[in-house]
file target00.txt (compact mmCIF, C-alpha atoms)
# COMPACT_ATOMS: atom_id res chain seq x y z
CA MET A 74 84.13 57.62 89.52
CA SER A 75 87.55 58.00 91.13
CA ARG A 76 91.01 57.12 89.82
CA ILE A 77 92.71 54.44 91.91
CA VAL A 78 96.23 53.05 91.51
CA ILE A 79 97.24 49.68 92.98
CA ALA A 80 100.98 49.30 93.61
CA ASP A 81 101.76 45.65 94.37
CA ASP A 82 104.41 43.37 92.86
CA ASP A 83 102.07 40.35 93.11
CA PRO A 84 100.12 40.20 89.79
CA GLY A 85 97.45 37.97 91.35
CA ILE A 86 96.63 40.37 94.20
CA GLY A 87 96.74 43.31 91.78
CA ARG A 88 94.26 41.59 89.47
CA ILE A 89 91.85 40.75 92.32
CA LEU A 90 91.86 44.33 93.64
CA ARG A 91 91.61 45.83 90.16
CA ASP A 92 88.62 43.71 89.16
CA ARG A 93 86.80 44.37 92.44
CA LEU A 94 87.31 48.13 92.28
CA LYS A 95 86.30 48.30 88.62
CA GLU A 96 83.04 46.56 89.59
CA LEU A 97 82.46 49.47 91.97
CA GLY A 98 82.73 51.90 89.04
CA HIS A 99 86.26 53.26 89.54
CA GLU A 100 89.05 53.80 87.03
CA VAL A 101 91.82 51.47 88.18
CA GLU A 102 95.45 50.92 87.17
CA HIS A 103 97.85 48.29 88.55
CA VAL A 104 101.62 48.89 88.72
CA LEU A 105 104.34 46.62 90.06
CA ASP A 106 106.62 48.98 92.01
CA GLY A 107 106.81 52.24 93.95
CA VAL A 108 108.57 54.17 91.18
CA GLU A 109 105.58 53.72 88.89
CA ALA A 110 103.20 54.55 91.74
CA LEU A 111 104.96 57.89 92.29
CA ARG A 112 104.86 58.66 88.57
CA LEU A 113 101.07 58.37 88.59
CA ALA A 114 100.49 60.05 91.96
CA ASP A 115 99.61 63.50 90.59
CA SER A 116 96.61 62.12 88.69
CA THR A 117 95.48 59.67 91.39
CA ASP A 118 92.73 60.01 94.00
CA LEU A 119 93.60 56.89 96.00
CA LEU A 120 96.72 54.70 96.15
CA LEU A 121 96.60 51.11 97.42
CA LEU A 122 100.22 50.53 98.35
CA ASP A 123 102.05 47.29 99.15
CA LEU A 124 104.89 47.87 101.62
CA GLU A 125 107.22 45.20 100.19
CA MET A 126 108.13 46.02 96.56
CA PRO A 127 111.25 46.12 94.36
CA ARG A 128 113.02 49.36 93.28
CA MET A 129 111.14 51.46 95.85
CA ASP A 130 109.19 50.06 98.81
CA GLY A 131 105.99 51.47 100.28
CA PHE A 132 107.70 53.44 103.05
CA ALA A 133 109.87 55.27 100.52
CA VAL A 134 106.74 56.13 98.52
CA LEU A 135 105.06 57.49 101.67
CA ASP A 136 108.13 59.61 102.43
CA SER A 137 108.11 61.03 98.90
CA LEU A 138 104.41 61.93 99.08
CA GLN A 139 104.71 63.77 102.40
CA GLY A 140 103.85 67.44 102.03
CA GLN A 141 102.98 67.21 98.33
CA ALA A 142 99.97 69.33 97.39
CA GLY A 143 97.20 67.17 95.93
CA ALA A 144 98.86 63.87 96.95
CA PRO A 145 96.48 60.89 96.91
CA LEU A 146 95.25 59.26 100.07
CA VAL A 147 97.16 56.02 100.71
CA ILE A 148 95.83 52.69 101.94
CA VAL A 149 98.69 50.30 102.68
CA ILE A 150 98.51 46.57 101.97
CA THR A 151 100.21 44.48 104.62
CA ALA A 152 100.49 40.83 105.58
CA HIS A 153 98.09 39.55 108.23
CA GLY A 154 99.71 39.64 111.65
CA ASP A 155 102.29 42.25 110.65
CA MET A 156 100.49 45.12 112.36
CA SER A 157 103.70 46.87 113.44
CA LYS A 158 104.40 47.82 109.80
CA ALA A 159 100.84 49.02 109.34
CA VAL A 160 101.12 51.27 112.41
CA ARG A 161 104.47 52.60 111.18
CA ALA A 162 102.96 53.32 107.75
CA MET A 163 100.04 55.24 109.25
CA ARG A 164 102.46 57.30 111.33
CA ALA A 165 104.24 58.04 108.03
CA GLY A 166 101.06 59.42 106.49
CA ALA A 167 98.96 56.46 105.32
CA TYR A 168 95.21 56.91 105.75
CA ASP A 169 94.33 53.27 106.52
CA PHE A 170 95.43 49.67 105.86
CA ILE A 171 94.03 46.36 104.68
CA ALA A 172 95.61 43.04 105.66
CA LYS A 173 96.13 40.03 103.39
CA PRO A 174 94.11 37.96 102.81
CA PHE A 175 91.22 40.43 102.45
CA ASP A 176 87.58 40.05 101.55
CA ALA A 177 85.46 42.09 99.15
CA ALA A 178 83.38 43.73 101.88
CA THR A 179 86.47 45.04 103.68
CA ILE A 180 87.94 46.46 100.45
CA GLN A 181 84.67 48.19 99.61
CA LEU A 182 84.29 49.70 103.10
CA VAL A 183 87.87 50.97 103.43
CA VAL A 184 87.99 52.40 99.89
CA ARG A 185 84.59 54.10 100.22
CA ARG A 186 85.60 55.68 103.53
CA ALA A 187 88.93 56.90 102.09
CA LEU A 188 87.31 58.45 99.01
CA GLU A 189 84.69 60.19 101.16
CA THR A 190 87.49 61.65 103.28
CA ARG A 191 89.37 62.83 100.19
CA GLY A 192 86.17 64.40 98.86
CA LEU A 193 85.67 66.30 102.11
CA LYS A 194 89.29 67.52 102.06
CA THR A 195 88.84 68.74 98.48
CA GLN A 196 85.64 70.59 99.43
CA VAL A 197 87.37 72.25 102.38
CA HIS A 198 90.27 73.33 100.13
CA HIS A 199 87.91 74.86 97.56
CA LEU A 200 85.84 76.50 100.31
CA ARG A 201 88.94 78.10 101.82
CA ARG A 202 89.97 79.44 98.42
CA GLU A 203 86.45 80.71 97.82
CA ILE A 204 86.38 82.46 101.20
CA GLY A 205 89.74 84.03 100.45
CA ARG A 206 88.53 85.31 97.09
CA LYS A 207 85.25 86.49 98.60
CA HIS A 208 86.97 88.60 101.22
CA LEU A 209 89.68 89.98 98.91
CA TRP A 210 87.62 92.96 97.82
CA MET A 211 86.67 93.78 101.44
CA ARG A 212 90.26 94.04 102.66
CA GLY A 213 91.42 97.50 103.67
CA ASN A 214 90.01 100.58 105.31
CA ASP A 215 87.97 102.32 102.62
CA PRO A 216 84.48 103.27 103.94
CA GLY A 217 83.01 102.88 100.46
CA MET A 218 84.02 99.20 100.40
CA ALA A 219 82.52 98.73 103.85
CA ARG A 220 79.22 100.08 102.51
CA ILE A 221 79.41 97.70 99.55
CA ALA A 222 79.98 94.76 101.90
CA GLU A 223 76.93 95.81 103.92
CA THR A 224 74.83 96.13 100.75
CA VAL A 225 75.88 92.66 99.58
CA GLU A 226 74.85 91.07 102.86
CA ARG A 227 71.48 92.86 102.79
CA VAL A 228 70.48 92.08 99.19
CA ALA A 229 72.02 88.61 98.82
CA PRO A 230 69.12 86.66 100.44
CA SER A 231 66.64 88.13 97.91
CA THR A 232 66.18 87.03 94.29
CA ALA A 233 66.71 90.58 92.95
CA THR A 234 68.94 91.06 89.91
CA VAL A 235 72.19 92.84 90.75
CA LEU A 236 74.15 95.09 88.36
CA LEU A 237 77.83 95.64 89.21
CA LEU A 238 79.60 98.66 87.74
CA GLY A 239 83.32 99.31 87.79
CA GLU A 240 86.54 99.40 85.84
CA THR A 241 88.31 96.27 84.69
CA GLY A 242 90.08 94.52 87.55
CA THR A 243 88.14 96.12 90.41
CA GLY A 244 86.79 92.75 91.56
CA LYS A 245 83.30 92.57 90.04
CA GLU A 246 83.31 88.77 89.81
CA VAL A 247 84.54 88.52 93.39
CA VAL A 248 81.61 90.68 94.52
CA ALA A 249 79.25 88.52 92.43
CA ARG A 250 80.56 85.42 94.17
CA ALA A 251 80.06 87.15 97.53
CA VAL A 252 76.41 87.80 96.61
CA HIS A 253 76.04 84.11 95.78
CA GLN A 254 77.80 82.92 98.94
CA HIS A 255 75.56 85.09 101.17
CA SER A 256 72.38 83.92 99.41
CA THR A 257 70.08 80.97 100.02
CA ARG A 258 71.44 79.55 96.74
CA ARG A 259 74.98 79.17 98.09
CA ASP A 260 74.88 75.36 97.84
CA GLN A 261 73.87 75.48 94.17
CA PRO A 262 76.05 76.32 91.14
CA PHE A 263 77.71 79.68 90.49
CA VAL A 264 78.16 79.90 86.72
CA ALA A 265 80.19 82.75 85.18
CA VAL A 266 80.08 83.80 81.52
CA ASN A 267 82.26 86.51 79.96
CA CYS A 268 80.05 88.03 77.27
CA ALA A 269 83.03 89.75 75.61
CA VAL A 270 84.71 86.46 74.71
CA LEU A 271 81.99 84.99 72.47
CA LYS A 272 79.90 86.83 69.90
CA GLY A 273 76.54 86.38 68.20
CA GLU A 274 75.32 82.83 67.71
CA LEU A 275 78.20 81.35 69.72
CA LEU A 276 77.29 83.38 72.81
CA GLU A 277 73.60 82.62 72.31
CA SER A 278 74.43 78.91 72.22
CA GLU A 279 76.72 79.23 75.26
CA LEU A 280 73.95 80.86 77.29
CA PHE A 281 70.84 79.01 76.15
CA GLY A 282 72.22 75.78 74.67
CA HIS A 283 71.44 74.26 71.27
CA GLU A 284 69.93 71.21 69.63
CA LYS A 285 71.87 68.93 67.31
CA GLY A 286 72.02 70.51 63.85
CA ALA A 287 71.00 73.99 65.05
CA PHE A 288 73.98 75.48 63.20
CA THR A 289 77.10 74.37 61.36
CA GLY A 290 79.24 72.32 63.74
CA ALA A 291 76.42 71.56 66.20
CA ASP A 292 76.94 67.80 66.06
CA ARG A 293 75.18 67.11 69.36
CA THR A 294 72.61 68.60 71.70
CA ARG A 295 74.25 70.79 74.34
CA PRO A 296 72.64 72.45 77.39
CA GLY A 297 73.59 76.08 78.01
CA ARG A 298 74.93 77.97 81.01
CA VAL A 299 71.41 79.05 82.06
CA GLU A 300 70.58 75.38 82.49
CA ALA A 301 73.88 74.69 84.25
CA ALA A 302 73.08 77.44 86.79
CA ARG A 303 69.67 76.02 87.65
CA GLY A 304 68.90 76.73 91.30
CA GLY A 305 71.99 78.90 91.62
CA THR A 306 73.49 82.14 90.29
CA LEU A 307 74.32 83.11 86.72
CA PHE A 308 76.99 85.82 86.46
CA LEU A 309 77.18 87.66 83.13
CA ASP A 310 80.36 89.74 82.93
CA GLU A 311 80.70 92.52 80.33
CA ILE A 312 76.93 92.62 79.78
CA GLY A 313 77.37 95.66 77.54
CA GLU A 314 78.86 93.42 74.82
CA LEU A 315 75.60 91.54 74.17
CA SER A 316 74.19 91.62 70.63
CA PRO A 317 70.61 92.92 70.12
CA ALA A 318 69.34 89.35 69.58
CA VAL A 319 70.84 88.07 72.84
CA GLN A 320 69.62 91.18 74.67
CA ALA A 321 66.05 90.37 73.59
CA LYS A 322 66.34 86.77 74.78
CA LEU A 323 67.87 87.85 78.08
CA LEU A 324 65.03 90.35 78.63
CA ARG A 325 62.51 87.55 78.14
CA LEU A 326 64.48 85.35 80.52
CA LEU A 327 64.27 88.04 83.22
CA GLN A 328 60.61 88.89 82.60
CA GLU A 329 59.11 85.45 81.97
CA ARG A 330 61.78 83.12 83.35
CA GLU A 331 61.57 81.24 80.06
CA TYR A 332 63.89 80.46 77.13
CA GLU A 333 64.48 78.00 74.29
CA ARG A 334 67.63 76.31 73.10
CA LEU A 335 68.85 77.22 69.62
CA GLY A 336 67.07 75.02 67.10
CA SER A 337 64.29 74.06 69.51
CA ASP A 338 60.70 75.28 69.95
CA ARG A 339 60.36 73.67 73.39
CA THR A 340 60.13 76.31 76.12
CA GLN A 341 62.14 75.70 79.29
CA ARG A 342 61.81 77.32 82.68
CA ALA A 343 64.80 79.08 84.26
CA ASP A 344 65.39 79.03 88.00
CA ILE A 345 68.38 81.36 88.35
CA ARG A 346 69.48 84.49 90.15
CA LEU A 347 71.17 86.88 87.71
CA VAL A 348 74.15 89.08 88.56
CA ALA A 349 75.50 91.20 85.69
CA ALA A 350 78.59 93.40 85.42
CA THR A 351 80.10 95.92 83.06
CA HIS A 352 82.77 98.60 82.83
CA GLN A 353 80.77 100.42 80.14
CA ASP A 354 78.48 103.45 80.49
CA LEU A 355 75.16 101.74 79.77
CA PRO A 356 73.05 104.95 79.69
CA ALA A 357 75.43 106.23 76.99
CA ALA A 358 75.04 102.92 75.13
CA ILE A 359 71.25 103.34 75.33
CA ARG A 360 71.50 106.81 73.81
CA ALA A 361 73.72 105.40 71.08
CA GLY A 362 71.13 102.70 70.35
CA SER A 363 73.41 99.74 71.18
CA PHE A 364 71.76 98.68 74.44
CA ARG A 365 68.07 98.17 75.26
CA GLU A 366 66.62 100.59 77.78
CA ASP A 367 64.03 98.06 79.03
CA LEU A 368 66.78 95.49 79.66
CA TYR A 369 68.85 98.09 81.51
CA TYR A 370 66.03 98.79 83.95
CA ARG A 371 65.49 95.07 84.46
CA LEU A 372 69.18 94.66 85.30
CA LYS A 373 69.59 97.61 87.66
CA VAL A 374 67.17 96.53 90.38
CA ILE A 375 70.18 96.67 92.72
CA THR A 376 73.19 98.62 91.42
CA ILE A 377 76.58 98.42 93.12
CA LYS A 378 79.42 100.63 91.88
CA ILE A 379 82.88 99.36 92.82
CA PRO A 380 85.50 102.13 93.11
CA PRO A 381 88.86 101.87 91.31
CA LEU A 382 91.91 101.14 93.41
CA ARG A 383 93.33 104.65 92.89
CA GLU A 384 90.35 105.98 94.87
CA ARG A 385 91.09 103.56 97.71
CA GLY A 386 94.53 104.87 98.64
CA GLY A 387 94.33 103.59 102.20
CA ASP A 388 93.62 100.07 100.95
CA ILE A 389 96.63 99.65 98.65
CA LEU A 390 99.16 98.52 101.25
CA PRO A 391 96.81 96.23 103.24
CA LEU A 392 95.69 94.64 99.96
CA ALA A 393 99.28 94.33 98.74
CA GLN A 394 100.38 92.60 101.94
CA TRP A 395 97.39 90.25 101.92
CA LEU A 396 97.97 89.34 98.26
CA LEU A 397 101.68 88.85 98.93
CA ASP A 398 100.84 86.43 101.75
CA GLN A 399 98.33 84.56 99.57
CA HIS A 400 100.70 84.11 96.62
CA ALA A 401 103.54 83.12 98.94
CA ALA A 402 101.36 80.47 100.59
CA GLU A 403 100.32 79.08 97.20
CA SER A 404 103.99 78.88 96.20
CA GLY A 405 104.94 77.15 99.46
CA ARG A 406 107.36 79.88 100.57
CA ALA A 407 107.57 82.65 103.14
CA ALA A 408 106.26 86.06 102.07
CA PRO A 409 109.05 88.58 101.37
CA GLN A 410 109.11 91.94 103.14
CA LEU A 411 108.15 95.17 101.37
CA THR A 412 110.69 97.97 101.83
CA PRO A 413 109.54 101.55 102.49
CA GLU A 414 110.66 102.53 98.97
CA VAL A 415 108.48 99.78 97.48
CA GLU A 416 105.50 100.78 99.62
CA GLN A 417 105.83 104.36 98.41
CA ALA A 418 106.02 103.19 94.78
CA LEU A 419 102.87 101.11 95.26
CA GLN A 420 101.01 104.07 96.73
CA ARG A 421 102.13 106.52 94.04
CA TYR A 422 101.10 104.31 91.11
CA ALA A 423 97.66 104.91 89.50
CA TRP A 424 96.80 101.15 89.11
CA PRO A 425 94.90 101.23 85.80
CA GLY A 426 94.43 97.48 86.13
CA ASN A 427 93.14 97.88 89.72
CA VAL A 428 93.18 94.95 92.18
CA ARG A 429 93.90 92.43 89.42
CA GLU A 430 97.05 94.34 88.45
CA LEU A 431 98.12 94.62 92.09
CA SER A 432 97.65 90.87 92.48
CA ASN A 433 99.83 90.21 89.43
CA VAL A 434 102.57 92.51 90.77
CA MET A 435 102.55 90.77 94.16
CA GLU A 436 102.75 87.36 92.49
CA ARG A 437 105.75 88.63 90.50
CA CYS A 438 107.41 89.78 93.74
CA VAL A 439 106.95 86.36 95.33
CA LEU A 440 108.54 84.67 92.32
CA LEU A 441 111.44 87.10 91.74
CA ALA A 442 112.34 88.60 95.12
CA GLY A 443 114.34 87.03 97.90
CA ASP A 444 113.51 87.78 101.53
CA VAL A 445 113.00 91.47 100.73
CA VAL A 446 111.13 93.13 97.84
CA GLY A 447 113.18 96.00 96.40
CA LEU A 448 112.36 98.57 93.74
CA TYR A 449 114.06 96.36 91.18
CA ASP A 450 111.60 93.53 91.79
CA LEU A 451 108.73 95.76 90.65
CA PRO A 452 107.67 96.21 87.01
CA GLU A 453 109.33 99.19 85.34
CA GLU A 454 106.07 101.14 85.07
CA LEU A 455 105.86 101.31 88.88
CA THR A 456 109.38 102.66 89.37
CA GLY A 457 110.45 104.06 86.01
CA ALA A 458 112.42 107.28 86.45
CA GLU A 459 112.93 106.71 90.17
CA ALA A 460 114.89 103.50 89.70
CA ASN A 461 116.85 105.04 86.83
CA GLN A 462 117.73 108.09 88.93
CA VAL A 463 118.97 105.92 91.78
CA THR A 464 121.16 103.75 89.56
CA ALA A 465 122.51 106.81 87.75
CA VAL A 466 124.12 108.15 90.94
CA THR A 467 127.82 107.25 90.91
CA ASP A 468 129.17 109.58 93.62
CA THR A 469 127.93 111.41 96.70
CA ALA A 470 127.41 114.66 94.78
CA GLY A 471 124.57 113.05 92.85
CA LEU A 472 122.66 112.32 96.08
CA TYR A 473 121.66 115.97 96.44
CA THR A 474 119.61 115.83 93.24
CA LEU A 475 117.25 113.20 94.66
CA ARG A 476 114.37 113.18 97.07
CA TYR A 477 115.10 111.92 100.59
CA ASN A 478 114.07 108.26 100.18
CA GLU A 479 115.69 108.02 96.75
CA ALA A 480 118.89 109.54 98.15
CA VAL A 481 118.93 107.03 101.04
CA THR A 482 118.55 104.13 98.61
CA ALA A 483 121.26 105.52 96.32
CA ALA A 484 123.63 106.04 99.28
CA ARG A 485 123.15 102.47 100.49
CA ARG A 486 123.86 101.29 96.96
CA LEU A 487 127.09 103.33 96.75
CA ILE A 488 128.28 102.01 100.13
CA VAL A 489 127.68 98.38 99.22
CA MET A 490 129.21 98.72 95.76
CA HIS A 491 132.31 100.39 97.24
CA ALA A 492 132.77 97.52 99.71
CA LEU A 493 132.41 94.97 96.90
CA GLU A 494 134.93 96.85 94.75
CA GLN A 495 137.43 96.92 97.63
CA THR A 496 137.12 93.15 98.12
CA GLY A 497 137.06 92.14 94.47
CA GLY A 498 133.38 91.23 94.61
CA HIS A 499 133.91 88.79 97.51
CA GLN A 500 130.67 89.01 99.50
CA THR A 501 131.95 87.44 102.72
CA ARG A 502 134.88 89.88 102.99
CA ALA A 503 132.64 92.78 101.96
CA ALA A 504 130.21 91.83 104.73
CA GLU A 505 133.05 91.79 107.28
CA ARG A 506 134.19 95.20 106.06
CA LEU A 507 130.64 96.60 106.49
CA GLY A 508 130.07 94.87 109.85
CA VAL A 509 127.09 92.79 108.69
CA THR A 510 126.53 89.09 108.06
CA GLN A 511 127.03 87.65 104.60
CA PRO A 512 123.36 86.49 104.23
CA TYR A 513 122.19 89.99 105.17
CA LEU A 514 124.54 91.56 102.63
CA SER A 515 123.32 89.14 99.98
CA ARG A 516 119.72 90.23 100.64
CA ILE A 517 120.74 93.91 100.43
CA ILE A 518 122.51 93.30 97.09
CA LYS A 519 119.36 91.65 95.77
CA GLN A 520 117.13 94.41 97.18
CA LEU A 521 119.23 97.18 95.66
CA GLY A 522 119.46 95.46 92.28
CA ILE A 523 123.27 95.37 92.21
CA ARG A 524 124.45 93.14 89.36
CA ARG A 525 127.64 91.12 89.41
CA ASP A 526 129.14 93.18 86.57
CA GLU A 527 128.66 96.40 88.62
CA SER A 528 130.77 95.14 91.52
call {"tool": "encode", "arguments": {"input": "target00.txt", "output": "structure tokens"}}
result
Amino acid sequence: MSRIVIADDDPGIGRILRDRLKELGHEVEHVLDGVEALRLADSTDLLLLDLEMPRMDGFAVLDSLQGQAGAPLVIVITAHGDMSKAVRAMRAGAYDFIAKPFDAATIQLVVRRALETRGLKTQVHHLRREIGRKHLWMRGNDPGMARIAETVERVAPSTATVLLLGETGTGKEVVARAVHQHSTRRDQPFVAVNCAVLKGELLESELFGHEKGAFTGADRTRPGRVEAARGGTLFLDEIGELSPAVQAKLLRLLQEREYERLGSDRTQRADIRLVAATHQDLPAAIRAGSFREDLYYRLKVITIKIPPLRERGGDILPLAQWLLDQHAAESGRAAPQLTPEVEQALQRYAWPGNVRELSNVMERCVLLAGDVVGLYDLPEELTGAEANQVTAVTDTAGLYTLRYNEAVTAARRLIVMHALEQTGGHQTRAAERLGVTQPYLSRIIKQLGIRRDES
């Protein structure tokens, strides 16, 4: 079922189209003008748009939808014999047109073709995002990551269980998705479950499903994630958090490929490929009695250890640039430039949150920085004392207490602040005094973190 909006100021035509499309199983809404059509556009798959309407005509609606992410496909409604308007509308971004008077077969054909096209575009968008996520962890120059990529490609076509080890944020789910995408199950579901989020009976129900009345609040029968992943891959993150009861059921699932829903005695078969992940030391958990040894050996048929980002020093800047480009593209803006001082701060930092933390920092830079990312666009924990030392310098004597790059940054800051003081904070005159353009000076002020009250 798709959501379709009809925008036509003729109630009769709107009613005919609405009734016909509802017969085809779609959710349909009829509005009388372009303003209402635009209001509903974000939640619409397909827009049937009359070109002659009050308040806002069809061409104005097409102009407003141009370039909008997730905009619906548009089929324009035009009078028979007025093909020039239909051609103009298609040049303005419409997918197709239907001419009045129209018959049911034509409506069905054009709508079906448009929805199939939209479905293909959606699939391509998701596939591109998936490919981007899949290759994120392989970006860079680290030989260890190259070996992991090779291992993934070699083991993915098998049905072997894979255990991923690594700190939080190293990209374990991304590697799991890469295993799935390289496997023969790539066209089937990839279902991810974070075992640390739910506990006990709730996690058991989430994984294996439950029958109505199996526990308090179970008001209906619900299939679990094992069932949802049928034919595909089930990814269990934070496997070390499983309770003993769930560990026993998971062991049976791996050994016998069988399970039961909570509250049911009917055995079901499981056709899944399991990928598990944890940041915990499972052998230590076994010694402590909190994790089953037999389950551990079932899980670690193929073990892949993902190194933390601090051990991939040569990958930090390539990853940072790639993430910066990705977040900038998602925000619809050009990626800002990283200054040498920022690059050095990125390389010096220990990255306890690993790639996930780096991604968050780059997203922050896209949102806060202008054309250039300066030290002051980074979180305080990345710059800390360095930024404070630079801003503390108020005369040239203080430069000699800093390291070279810090001293250069502090000197640039002093020069710009002096020019602003001499011109009363007037950026255009300060730019003339320094021999640079005003836009360039504005970027430097932003980069150096100079506030209005300092100048």
call {"tool": "closest_atom_pairs", "arguments": {"input": "target00.txt", "of": "stretch 312-423 of chain A", "to": "stretch 243-263 of chain A", "cutoff": "12 Å", "atoms": "all atoms listed in the file", "output": "CSV"}}
result
residue,atom,partner,partner_atom,distance
A:Asp344,CA,A:Arg258,CA,10.6
A:Ile345,CA,A:Arg258,CA,9.1
A:Arg346,CA,A:Arg258,CA,8.5
A:Leu347,CA,A:Ala249,CA,9.5
A:Val348,CA,A:Ala249,CA,6.4
A:Ala349,CA,A:Ala249,CA,8.2
A:Ala350,CA,A:Lys245,CA,6.6
A:Thr351,CA,A:Lys245,CA,8.4
A:His352,CA,A:Lys245,CA,9.4
A:Ile375,CA,A:Val252,CA,11.5
A:Thr376,CA,A:Ala249,CA,11.8
A:Ile377,CA,A:Val248,CA,9.3
A:Lys378,CA,A:Lys245,CA,9.1
A:Ile379,CA,A:Thr243,CA,6.6
A:Pro380,CA,A:Thr243,CA,7.1
A:Pro381,CA,A:Thr243,CA,5.9
A:Leu382,CA,A:Thr243,CA,7.0
A:Arg383,CA,A:Thr243,CA,10.3
A:Glu384,CA,A:Thr243,CA,11.0
A:Arg385,CA,A:Thr243,CA,10.8
call {"tool": "closest_residue", "arguments": {"input": "target00.txt", "among": "A:Pro512, A:Ile518, A:Glu274, A:Arg437", "to": "A:Met490", "atoms": "only C-alpha atoms"}}
result
A:Ile518
call {"tool": "closest_residue", "arguments": {"input": "target00.txt", "among": "A:Ala401, A:Leu507, A:Ile150, A:Ala265", "to": "A:Cys438", "atoms": "only C-alpha atoms"}}
result
A:Ala401
call {"tool": "residues_around", "arguments": {"input": "target00.txt", "residues": "A:Leu455", "least_positions_apart": "5", "cutoff": "9 Å", "atoms": "all atoms listed in the file", "output": "PyMOL selection string"}}
result
chain A and resi 418-419+421-423+448
call {"tool": "write_last_selection", "arguments": {"input": "target00.txt", "atoms": "C-alpha atoms", "output": "short mmCIF file (atom, residue, chain, number, x, y, z; two decimals), keeping the file's coordinate frame"}}
result
data_model
loop_
_atom_site.label_atom_id
_atom_site.label_comp_id
_atom_site.auth_asym_id
_atom_site.auth_seq_id
_atom_site.Cartn_x
_atom_site.Cartn_y
_atom_site.Cartn_z
CA ALA A 418 106.02 103.19 94.78
CA LEU A 419 102.87 101.11 95.26
CA ARG A 421 102.13 106.52 94.04
CA TYR A 422 101.10 104.31 91.11
CA ALA A 423 97.66 104.91 89.50
CA LEU A 448 112.36 98.57 93.74
#
call {"tool": "closest_residue", "arguments": {"input": "target00.txt", "among": "A:Ile77, A:Gly166, A:Leu146, A:Pro296", "to": "A:Leu113", "atoms": "only C-alpha atoms"}}
result
A:Ile77
call {"tool": "residues_around", "arguments": {"input": "target00.txt", "residues": "A:Arg186", "least_positions_apart": "2", "cutoff": "12 Å", "atoms": "all atoms listed in the file", "output": "compact mmCIF listing (two decimals) with C-alpha atoms, in the frame of the given file"}}
result
# COMPACT_ATOMS: atom_id res chain seq x y z
CA LEU A 119 93.60 56.89 96.00
CA LEU A 146 95.25 59.26 100.07
CA VAL A 147 97.16 56.02 100.71
CA ILE A 148 95.83 52.69 101.94
CA TYR A 168 95.21 56.91 105.75
CA ASP A 169 94.33 53.27 106.52
CA PHE A 170 95.43 49.67 105.86
CA THR A 179 86.47 45.04 103.68
CA ILE A 180 87.94 46.46 100.45
CA GLN A 181 84.67 48.19 99.61
CA LEU A 182 84.29 49.70 103.10
CA VAL A 183 87.87 50.97 103.43
CA VAL A 184 87.99 52.40 99.89
CA LEU A 188 87.31 58.45 99.01
CA GLU A 189 84.69 60.19 101.16
CA THR A 190 87.49 61.65 103.28
CA ARG A 191 89.37 62.83 100.19
CA GLY A 192 86.17 64.40 98.86
CA LEU A 193 85.67 66.30 102.11
call {"tool": "atom_distance", "arguments": {"input": "target00.txt", "atom1": "atom CA of A:Ser404", "atom2": "atom CA of A:Arg112"}}
result
21.6 Å
call {"tool": "residues_near_point", "arguments": {"input": "target00.txt", "point": "(68.9, 97.5, 74.5)", "cutoff": "12 Å", "atoms": "only C-alpha atoms", "output": "CSV table (one decimal) with C-alpha atoms, in the coordinates of the input"}}
result
chain,number,residue,atom,x,y,z
A,312,ILE,CA,76.9,92.6,79.8
A,313,GLY,CA,77.4,95.7,77.5
A,314,GLU,CA,78.9,93.4,74.8
A,315,LEU,CA,75.6,91.5,74.2
A,316,SER,CA,74.2,91.6,70.6
A,317,PRO,CA,70.6,92.9,70.1
A,318,ALA,CA,69.3,89.4,69.6
A,319,VAL,CA,70.8,88.1,72.8
A,320,GLN,CA,69.6,91.2,74.7
A,321,ALA,CA,66.0,90.4,73.6
A,322,LYS,CA,66.3,86.8,74.8
A,323,LEU,CA,67.9,87.8,78.1
A,324,LEU,CA,65.0,90.4,78.6
A,355,LEU,CA,75.2,101.7,79.8
A,356,PRO,CA,73.0,105.0,79.7
A,357,ALA,CA,75.4,106.2,77.0
A,358,ALA,CA,75.0,102.9,75.1
A,359,ILE,CA,71.2,103.3,75.3
A,360,ARG,CA,71.5,106.8,73.8
A,361,ALA,CA,73.7,105.4,71.1
A,362,GLY,CA,71.1,102.7,70.4
A,363,SER,CA,73.4,99.7,71.2
A,364,PHE,CA,71.8,98.7,74.4
A,365,ARG,CA,68.1,98.2,75.3
A,366,GLU,CA,66.6,100.6,77.8
A,367,ASP,CA,64.0,98.1,79.0
A,368,LEU,CA,66.8,95.5,79.7
A,369,TYR,CA,68.8,98.1,81.5
A,370,TYR,CA,66.0,98.8,84.0
A,371,ARG,CA,65.5,95.1,84.5
A,372,LEU,CA,69.2,94.7,85.3
call {"tool": "atom_distance", "arguments": {"input": "target00.txt", "atom1": "atom CA of A:Asp115", "atom2": "atom CA of A:Gly85"}}
result
25.6 Å
call {"tool": "closest_residue", "arguments": {"input": "target00.txt", "among": "A:Leu521, A:Val509, A:Leu390, A:Leu431", "to": "A:Ala484", "atoms": "all atoms listed in the file"}}
result
A:Leu521
call {"tool": "atom_distance", "arguments": {"input": "target00.txt", "atom1": "atom CA of A:Leu121", "atom2": "atom CA of A:Ile79"}}
result
4.7 Å
call {"tool": "residues_near_point", "arguments": {"input": "target00.txt", "point": "(108.8, 99.2, 99.5)", "cutoff": "10 Å", "atoms": "only C-alpha atoms", "output": "list in words"}}
result
Leu390, Gln410, Leu411, Thr412, Pro413, Glu414, Val415, Glu416, Gln417, Ala418, Leu419, Gln420, Val445, Val446, Gly447, Leu448, Asp450, Leu451 and Gln520 of chain A
call {"tool": "residues_around", "arguments": {"input": "target00.txt", "residues": "A:Asp81", "least_positions_apart": "5", "cutoff": "9 Å", "atoms": "all atoms listed in the file", "output": "PyMOL selection string"}}
result
chain A and resi 86-87+103-107+121-126+150
